[in-house]
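Colleague: Below is a structure I'd like to ask you about.
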Amino acid sequence: KAGVTQTPRYLIKTRGQQVTLSCSPISGHRSVSWYQQTPGQGLQFLFEYFSETQRNKGNFPGRFSGRQFSNSRSEMNVSTLELGDSALYLCASSLAAKNIQYFGAGTRLSVL
Amino acid sequence: SQQGEEDPQALSIQEGENATMNCSYKTSINNLQWYRQNSGRGLVHLILIRSNEREKHSGRLRVTLDTSKKSSSLLITASRAADTASYFCATDAAGNKLTFGGGTRVLVKP
């Protein structure tokens, strides 16, 4: 079956702009989690959605938001981009949040 | 600080040698997972060990879990250049999420 698909793979934005990243989970998976990965902070949990409801949120400012659609596809949005938002954003899907997670290839965001 | 902390942070070995990395965590868990990440890519699940298990094998991978010490180890036997990657442990901390450690970077030299 098809894996987790993240689009776009690469993105370059400037400070102050906003960005929307997309994640299509594996068919049948209702849990979608988002992570930010940077060299300095490692892999940090952003939020998790299950059946269109955000069940858990990491310690990120309100500029980071997300949503999940009825087909389980998820988007995350970052508004008013800062240089420090440059990172690899990873999406993972699973049957349940604590189960084995299947990751997409990530979206590499560069903020100039 | 993170729930899982890997040790060492980096490891360099020759092809054919074994690689061992450790993960310590702070709170009680139901299961612990190990993932591999090749440079700049998504993570790939390697193995899951439940809290009532002490050891698990998958191919050249061997994982142990000591809940009394709140620690786990991942052993890669007969390493290959293709094993060059970062390895992360993840625990099912409170809430509907996995918490990942900082990772161990493994370099296997041919």
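By order of appearance in the structure tokens: chains A, B, ..., then residues from 1 within every chain, and ligands from 1 in the order shown.
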Could you list, as a ChimeraX atom specification, every residue of chain B that has an atom within 7 Å of an atom of chain A, counting only C-alpha atoms?

Modeller: /B:41-45,92,95-98,100,102

Colleague: Using only C-alpha atoms, determine which residues lie at most 10 Å from stretch 48-65 of chain B, disregarding the query and same-chain residues fewer than 2 positions distant; provide the list as a PyMOL selection string.

Modeller: (chain A and resi 99-100) or (chain B and resi 18-24+28-35+45-46+67-79+89-91)

Colleague: Please, what distance in Å, to one decimal, runs between atom CA of B:Phe88 and atom CA of B:Gln37?

Modeller: 7.9 Å

Colleague: Would you return as an MDAnalysis selection string the members of chain B that DSSP assigns to strand (DSSP E) on this structure's backbone?

Modeller: chainID B and resid 4:7 10:14 19:25 31:37 43:50 55:58 61:66 71:76 85:91 99:100 104:109

Colleague: Record the distance separating atom CA of A:Arg15 and atom CA of A:Gly62, expressed in Å with one decimal.

Modeller: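 If I compute the distance from atom CA of A:Arg15 to atom CA of A:Gly62, I get 16.4 Å.
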
Colleague: Considering only C-alpha atoms, return as JSON, numbers by chain whatever protein or nucleic-acid residues lie within 8 Å of A:Gln17, sequence-local ones (same chain, fewer than 4 positions apart) excluded.

Modeller: {"A": [13, 79, 80, 81]}

Colleague: Would you export the selected residues with C-alpha atoms as a short mmCIF file (atom, residue, chain, number, x, y, z; two decimals), in the first residue's frame, please?

Modeller:
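again27.cif written:
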```
data_model
loop_
_atom_site.label_atom_id
_atom_site.label_comp_id
_atom_site.auth_asym_id
_atom_site.auth_seq_id
_atom_site.Cartn_x
_atom_site.Cartn_y
_atom_site.Cartn_z
CA LYS A 13 9.99 31.28 2.35
CA SER A 79 2.16 31.87 10.22
CA THR A 80 4.52 34.82 10.53
CA LEU A 81 7.56 32.69 9.77
#
```

Colleague: With only C-alpha atoms as the atoms that count, which of A:Cys23, A:Leu83, A:Arg73, A:Phe64 lies nearest to A:Thr5?

Modeller: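 Result for the nearest residue to A:Thr5: A:Cys23.
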
Colleague: With only C-alpha atoms as the basis for distance, which of B:Thr99, B:Ala81, B:Ala10, B:Tyr87 is at the shortest distance from B:Thr27?

Modeller: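 Once distances to B:Thr27 are computed over only C-alpha atoms, the minimum belongs to B:Thr99.
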
Colleague: Can you measure atom CA of A:Leu95 to atom CA of A:His29 for me? One decimal in Å is fine.

Modeller: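 Atom CA of A:His29 lies at a distance of 4.7 Å from atom CA of A:Leu95.
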